[in-house]
Amino acid sequence: MSFMENIKMALSSLMAHKMRSILTMLGIIIGVAAVIIVVAIGQGGEAMLKSQIAGPGNTVEVFYQPSEEEMQSNPNIWNEAAFNQEDLRLLETIPEVSNIVTSSSQSSTVRYRDQTLDTSVSGINQAYVDVNGLHVQDGRGLSSADFIGGRRVAIVSQSMEEELLDGESALGKIVRIGAQPVEIIGVLEPPSSMFDFGAVQMFIPFNTWKTIYGSNDITQITLQIDDTENIESAGEQATTLLNNAHNTEESYQVFNIEEMAEGIGKVTQIMTLIIGSVAGISLFVGGIGVMNIMLVSVTERTREIGIRMALGATRHQVLIQFLIESITLTLVGGILGILIGWGIASIVSAIAGWPSLISWQVVVGGLLFSMVIGIIFGLLPANKASKLDPIESLRYE
Amino acid sequence: MIRLEQIKKSYMTGSEQLDVLKGIDLTIHKGDFSAIMGPSGSGKSTLMNIIGCLDKPTSGAYYLENQDIAQYKEMDLAKVRNESIGFVFQQFQLLPRLTAKKNVELPMIYAGVKKKEREERAFEALRKVELEDRVDHLPSELSGGQKQRVAIARSLVNQPQLILADEPTGALDTKTSDAIMDIFSMLNQEGTTIILVTHEPEIAAYASKTILVRDGLIVDEEVRGAVR
């Protein structure tokens with residue numbers, strides 16, 4: 001008897017008891033759907049968080065966290081820039097550091113004709129563009145000539161273009177920071193991630209910033225390290241150098257992205273484990289339900305089994321028939337579970353603005369697993385069916 | 001074609017041995033139409049099950065086409081049932097969820113016949129029992145006589161050497177019974193060997209030979225000149 005014959009037979013006998021079949025599948029459906037949802041949302045979230053936090057590879061941010069004493073002796077410490085040009089030169093001596101990304105930010109009022117807007121103006125260096133990549137939607141980005149020459153050019157965020165220019169194109173417009181004019185040469189792409197709310201922002205070359213604000217100070221430093229392996233040692237060297245230079249104990253610290261990404265990975269892992277075991281229990285209980293209903297089915301169909309045997313079905317064929325029936329039951333449950341899980345994951349991700357990731361591995365895994373459950377829990381009923389005595393079975397009422 | 005030699009069958013009930021068949025010797029020739037008769041408890045059903053390869057004798061030899069079936073394994077017996085024997089039961093034994101045609105196809109499914117050929121042969125068999133206009137009916141939509149005709153179509157669709165009919169008219173009224181028996185007579189005239197189990201003399205009268213079983217032994221064999 002062919003495999004297709006068996007499948008058709010199994011489907012028709014499942015269809016004969018629709019309600020019962022669906023109720024039996026429920027455990028499998030819930031279990032598989034739970035797995036799909038957890039994995040889809042977990043993987044999607046992890047991928048998103050990692051891409052947002054880790055940013056471009058091999059970077060480590062240096063930050064200044066003043067101690068209690070320092071804050072007491074200087075209440076204004078938060079308003080002062082954390083780094084100076086001397087720090088930059090010190091950091092450049094670390095061999096593992098391949099790039100130093102700097103930005104100096106100040107909140108300023110920017111004016112275009114009679115419109116004004118409070119915005120953060122950042123003076124950035126060439127490395128900032130190389131590492132972070134300023135993705136310009138209209139116009140052009142900052143060129144090395146702009147950086148070296150300290151040209152009076154600026155890139156603005158899309159939200160700034162909208163608010164300052166009332167929907168007009170910002171390209172080529174001359175705006176004023178205080179009294180200082182700069183020309184807008186590019187507009188950034190709108191932000192794609194959920195942590196970026198499209199801040200009103202303006203980027204100008206550091207040399208231009210220096211002229212406008214009359215300051216050499218740097219607000220933010222991120223080191224790019226030549227190799228992932230060296231991130232930790234380079235970070236340590238940097239903090240030692242800076243703390244020595246400023247005569248502080250531990251005020252200069254590094255923020256390691258890898259560690260944080262790892263931490264997030266761990267959290268999602270634990271979550272996956274918890275919900276995964278709930279799903280596992282559901283699948284197990286569902287499997288027992290399948291076994292139960294298959295045993296009932298074998299008893300109900302004793303006569304059918306007798307007839308089939310009288311007509312020439314071997315015990316092996318009867319076993320296969322019932323095994324395929326239970327596999328079909330769990331497989332259909334698995335397919336429904338995948339569809340439902342996919343639907344719920346999509347809805348959740350649409351509402352939460354959180355991507356869901358359904359990989360084919362998960363789908364195939366879900367299908368295989370539900371088949372395995374069908375085999376494991378179908379074996380006992382199928383075996384019982386194949387052991388029936390044809391004469392007794394034909395007499396069964 | 002069929003030769004039974006000293007077939008014995010006994011069951012253990014508790015510590016007591018119950019001898020149902022006590023040494024049956026029987027020969028059935030190709031083309032025979034035999035009726036096995038006997039009161040209930042005589043062992044005729046057991047004999048029928050052994051001839052039908054649904055049961056194995058405790059001892060003795062059973063030759064079907066010169067093969068000693070008594071030595072066969074269960075898997076080979078299933079093959080014999082499928083290919084060489086057609087069953088017709090008192091309770092019809094049709095699968096309730098399958099149409100008449102699908103029921104007739106069943107033995108061919110186990111014989112590994114391809115779908116297209118199966119459908120053709122099933123239709124042909126149903127036409128033979130004059131049910132060509134009921135092929136897509138479920139058993140529940142058929143009368144008793146029609147159900148039994150489906151069962152007969154099913155029994156002959158694999159072209160077996162032997163059709164075994166166990167009280168085929170037991171659940172039917174006289175008129176329908178006669179119609180069913182006419183089909184058996186027709187099949188027999190076409191050369192099919194038929195063994196009929198019955199306790200009704202009128203039904204047994206259709207057969208050309210009557211075998212009387214009592215207390216596990218054949219007590220009488222009566223050959224009539226011709227089919228009625």
# chains A, B, ... in the order shown; residues from 1 in each chain; ligands from 1
$ closest_atom_pairs --of "chain B" --to "chain A" --cutoff "6 Å" --atoms "only C-alpha atoms" --output "tab-separated table"
residue	atom	partner	partner_atom	distance
B:Met75	CA	A:Thr314	CA	5.8
B:Ala78	CA	A:Gly312	CA	4.6
B:Lys79	CA	A:Gly312	CA	5.8
B:Arg81	CA	A:Gly312	CA	5.2
B:Asn82	CA	A:Gly312	CA	3.9
B:Pro107	CA	A:Leu311	CA	5.4
B:Ile109	CA	A:Met1	CA	5.8
B:Tyr110	CA	A:Met1	CA	5.4
B:Gly112	CA	A:Met1	CA	5.5
$ write_last_selection --atoms "all heavy atoms" --output "compact mmCIF listing (two decimals), in the first residue's frame"
# COMPACT_ATOMS: atom_id res chain seq x y z
N MET B 75 2.39 -13.16 7.88
CA MET B 75 2.47 -12.22 6.77
C MET B 75 2.08 -12.88 5.46
O MET B 75 1.41 -12.28 4.62
CB MET B 75 3.88 -11.66 6.66
CG MET B 75 3.84 -10.16 6.52
SD MET B 75 5.43 -9.41 6.48
CE MET B 75 5.56 -9.16 4.73
N ALA B 78 -1.66 -13.32 5.23
CA ALA B 78 -2.34 -12.10 4.80
C ALA B 78 -2.33 -12.01 3.28
O ALA B 78 -3.32 -11.62 2.65
CB ALA B 78 -1.66 -10.88 5.41
N LYS B 79 -1.22 -12.42 2.70
CA LYS B 79 -1.09 -12.38 1.24
C LYS B 79 -2.05 -13.39 0.59
O LYS B 79 -2.69 -13.09 -0.42
CB LYS B 79 0.36 -12.71 0.87
CG LYS B 79 0.74 -12.33 -0.54
CD LYS B 79 2.26 -12.50 -0.68
CE LYS B 79 2.67 -12.89 -2.09
NZ LYS B 79 2.60 -11.82 -3.05
N ARG B 81 -4.88 -14.46 1.91
CA ARG B 81 -6.23 -13.92 2.06
C ARG B 81 -6.50 -12.87 1.00
O ARG B 81 -7.58 -12.77 0.44
CB ARG B 81 -6.39 -13.25 3.44
CG ARG B 81 -6.47 -14.22 4.60
CD ARG B 81 -7.04 -13.53 5.82
NE ARG B 81 -6.22 -12.44 6.33
CZ ARG B 81 -5.27 -12.59 7.25
NH1 ARG B 81 -5.03 -13.78 7.77
NH2 ARG B 81 -4.58 -11.57 7.67
N ASN B 82 -5.47 -12.08 0.75
CA ASN B 82 -5.63 -10.98 -0.20
C ASN B 82 -5.79 -11.47 -1.63
O ASN B 82 -6.63 -10.99 -2.37
CB ASN B 82 -4.43 -10.04 -0.07
CG ASN B 82 -4.54 -8.83 -0.97
OD1 ASN B 82 -3.68 -8.58 -1.80
ND2 ASN B 82 -5.62 -8.07 -0.81
N PRO B 107 -9.39 -4.45 -1.27
CA PRO B 107 -8.44 -5.57 -1.43
C PRO B 107 -7.34 -5.25 -2.44
O PRO B 107 -6.21 -5.69 -2.29
CB PRO B 107 -9.31 -6.72 -1.94
CG PRO B 107 -10.71 -6.34 -1.61
CD PRO B 107 -10.76 -4.85 -1.62
N ILE B 109 -6.08 -2.26 -2.98
CA ILE B 109 -5.12 -1.36 -2.36
C ILE B 109 -4.03 -2.18 -1.68
O ILE B 109 -2.84 -1.91 -1.82
CB ILE B 109 -5.82 -0.43 -1.34
CG1 ILE B 109 -6.68 0.59 -2.08
CG2 ILE B 109 -4.79 0.27 -0.46
CD1 ILE B 109 -7.42 1.55 -1.19
N TYR B 110 -4.47 -3.24 -0.96
CA TYR B 110 -3.47 -4.07 -0.27
C TYR B 110 -2.69 -4.93 -1.24
O TYR B 110 -1.62 -5.42 -0.91
CB TYR B 110 -4.14 -4.90 0.82
CG TYR B 110 -4.61 -4.04 1.96
CD1 TYR B 110 -5.96 -3.83 2.22
CD2 TYR B 110 -3.67 -3.41 2.77
CE1 TYR B 110 -6.37 -3.01 3.26
CE2 TYR B 110 -4.07 -2.58 3.81
CZ TYR B 110 -5.42 -2.38 4.05
OH TYR B 110 -5.81 -1.57 5.06
N GLY B 112 -1.65 -3.68 -3.99
CA GLY B 112 -0.75 -2.76 -4.66
C GLY B 112 -1.14 -2.45 -6.10
O GLY B 112 -0.29 -2.15 -6.92
$ select_by_dssp --residues "stretch 168-218 of chain B" --states "strand (DSSP E or B)" --output "list in words"
Thr193, Ile194, Ile195, Leu196, Val197, Lys209, Thr210, Ile211, Leu212, Val213, Arg214, Leu217 and Ile218 of chain B
$ write_last_selection --atoms "N, CA, C and O atoms" --output "compact mmCIF listing (two decimals), in the first residue's frame"
# COMPACT_ATOMS: atom_id res chain seq x y z
N THR B 193 -14.65 -21.25 -7.47
CA THR B 193 -14.89 -22.21 -6.39
C THR B 193 -15.54 -21.47 -5.23
O THR B 193 -15.07 -20.41 -4.84
N ILE B 194 -16.64 -22.02 -4.70
CA ILE B 194 -17.33 -21.32 -3.63
C ILE B 194 -17.55 -22.27 -2.46
O ILE B 194 -17.95 -23.43 -2.66
N ILE B 195 -17.26 -21.80 -1.28
CA ILE B 195 -17.60 -22.57 -0.08
C ILE B 195 -18.58 -21.72 0.73
O ILE B 195 -18.31 -20.55 1.03
N LEU B 196 -19.67 -22.31 1.07
CA LEU B 196 -20.75 -21.60 1.71
C LEU B 196 -20.95 -22.20 3.10
O LEU B 196 -20.96 -23.42 3.24
N VAL B 197 -21.06 -21.36 4.10
CA VAL B 197 -21.38 -21.87 5.43
C VAL B 197 -22.79 -21.43 5.75
O VAL B 197 -23.11 -20.24 5.63
N LYS B 209 -22.72 -29.65 -3.35
CA LYS B 209 -22.20 -30.63 -2.40
C LYS B 209 -22.46 -30.09 -1.00
O LYS B 209 -22.24 -28.91 -0.73
N THR B 210 -22.93 -30.90 -0.12
CA THR B 210 -23.16 -30.47 1.25
C THR B 210 -22.25 -31.26 2.19
O THR B 210 -22.13 -32.47 2.08
N ILE B 211 -21.60 -30.53 3.05
CA ILE B 211 -20.70 -31.16 4.02
C ILE B 211 -21.29 -30.92 5.39
O ILE B 211 -21.49 -29.77 5.79
N LEU B 212 -21.60 -31.96 6.11
CA LEU B 212 -22.24 -31.81 7.40
C LEU B 212 -21.20 -31.97 8.52
O LEU B 212 -20.51 -32.98 8.59
N VAL B 213 -21.10 -30.96 9.33
CA VAL B 213 -20.13 -30.98 10.42
C VAL B 213 -20.89 -31.11 11.73
O VAL B 213 -21.90 -30.43 11.95
N ARG B 214 -20.41 -32.00 12.57
CA ARG B 214 -21.02 -32.13 13.90
C ARG B 214 -19.94 -32.50 14.89
O ARG B 214 -19.14 -33.40 14.63
N LEU B 217 -16.31 -32.90 13.64
CA LEU B 217 -15.98 -33.90 12.63
C LEU B 217 -16.96 -33.80 11.46
O LEU B 217 -18.10 -33.37 11.64
N ILE B 218 -16.48 -34.19 10.29
CA ILE B 218 -17.39 -34.25 9.15
C ILE B 218 -18.15 -35.57 9.23
O ILE B 218 -17.54 -36.65 9.25
$ residues_around --residues "B:Ile203" --least-positions-apart "6" --cutoff "10 Å" --atoms "only C-alpha atoms" --output "PyMOL selection string"
chain B and resi 35+167-170+174+177-178+181+196-197
$ select_by_dssp --residues "stretch 95-226 of chain B" --states "alpha helix (DSSP H)" --output "PyMOL selection string"
chain B and resi 100-111+115-128+144-156+174-189+201-204
$ residues_around --residues "B:Ile163" --least-positions-apart "5" --cutoff "12 Å" --atoms "only C-alpha atoms" --output "compact mmCIF listing (two decimals) with C-alpha atoms, in the first residue's frame"
# COMPACT_ATOMS: atom_id res chain seq x y z
CA LEU A 311 -9.05 -8.48 3.03
CA LYS B 30 -11.68 -26.45 -8.45
CA GLY B 31 -15.10 -25.22 -9.54
CA ASP B 32 -16.92 -26.84 -6.65
CA PHE B 33 -19.86 -25.16 -4.95
CA SER B 34 -19.91 -26.64 -1.47
CA ALA B 35 -22.05 -25.88 1.54
CA MET B 48 -14.31 -21.76 7.88
CA ILE B 51 -9.94 -22.47 5.36
CA GLY B 52 -10.01 -18.66 5.13
CA ARG B 81 -6.23 -13.92 2.06
CA ASN B 82 -5.63 -10.98 -0.20
CA GLU B 83 -4.91 -12.83 -3.41
CA SER B 84 -6.52 -16.25 -3.21
CA ILE B 85 -9.59 -15.89 -1.02
CA GLY B 86 -12.63 -13.65 -1.21
CA PHE B 87 -14.76 -13.26 1.91
CA VAL B 88 -18.48 -12.65 2.12
CA PHE B 89 -19.82 -12.25 5.65
CA ALA B 151 -19.41 -7.36 -0.44
CA ILE B 152 -19.58 -9.98 -3.20
CA ALA B 153 -18.08 -7.53 -5.66
CA ARG B 154 -15.31 -6.89 -3.15
CA SER B 155 -14.72 -10.62 -2.66
CA LEU B 156 -14.22 -11.30 -6.35
CA VAL B 157 -12.35 -8.19 -7.41
CA ASN B 158 -8.90 -9.69 -6.84
CA PRO B 168 -24.24 -14.70 3.42
CA PHE B 184 -23.22 -17.12 -6.27
CA SER B 185 -24.61 -19.69 -8.68
CA LEU B 187 -20.17 -16.97 -10.28
CA ASN B 188 -19.83 -20.72 -9.77
CA GLY B 191 -15.76 -21.31 -12.69
CA THR B 192 -15.26 -19.79 -9.26
CA THR B 193 -14.89 -22.21 -6.39
CA ILE B 194 -17.33 -21.32 -3.63
CA ILE B 195 -17.60 -22.57 -0.08
CA LEU B 196 -20.75 -21.60 1.71
CA VAL B 197 -21.38 -21.87 5.43
$ residues_around --residues "B:Ser40" --least-positions-apart "2" --cutoff "12 Å" --atoms "only C-alpha atoms" --output "PyMOL selection string"
chain B and resi 20+36-38+42-46+167+197-200+212-216
$ residues_around --residues "B:Glu5" --least-positions-apart "6" --cutoff "7 Å" --atoms "only C-alpha atoms" --output "list in words"
Ile24, Asp25, Leu26, Gly60, Ala61 and Tyr62 of chain B
$ closest_residue --among "A:Met4, A:Ile204, A:Val364, A:Ala10" --to "B:Lys114" --atoms "only C-alpha atoms"
A:Met4
$ atom_distance --atom1 "atom CA of A:Tyr252" --atom2 "atom CA of A:Pro66"
7.9 Å
$ residues_around --residues "B:Asp136" --least-positions-apart "2" --cutoff "6 Å" --atoms "only C-alpha atoms" --output "number ranges by chain"
B: 99-100, 134
$ atom_distance --atom1 "atom CA of A:Ser215" --atom2 "atom CA of A:Ile177"
14.8 Å
$ atom_distance --atom1 "atom CA of A:Val298" --atom2 "atom CA of B:Lys73"
24.3 Å
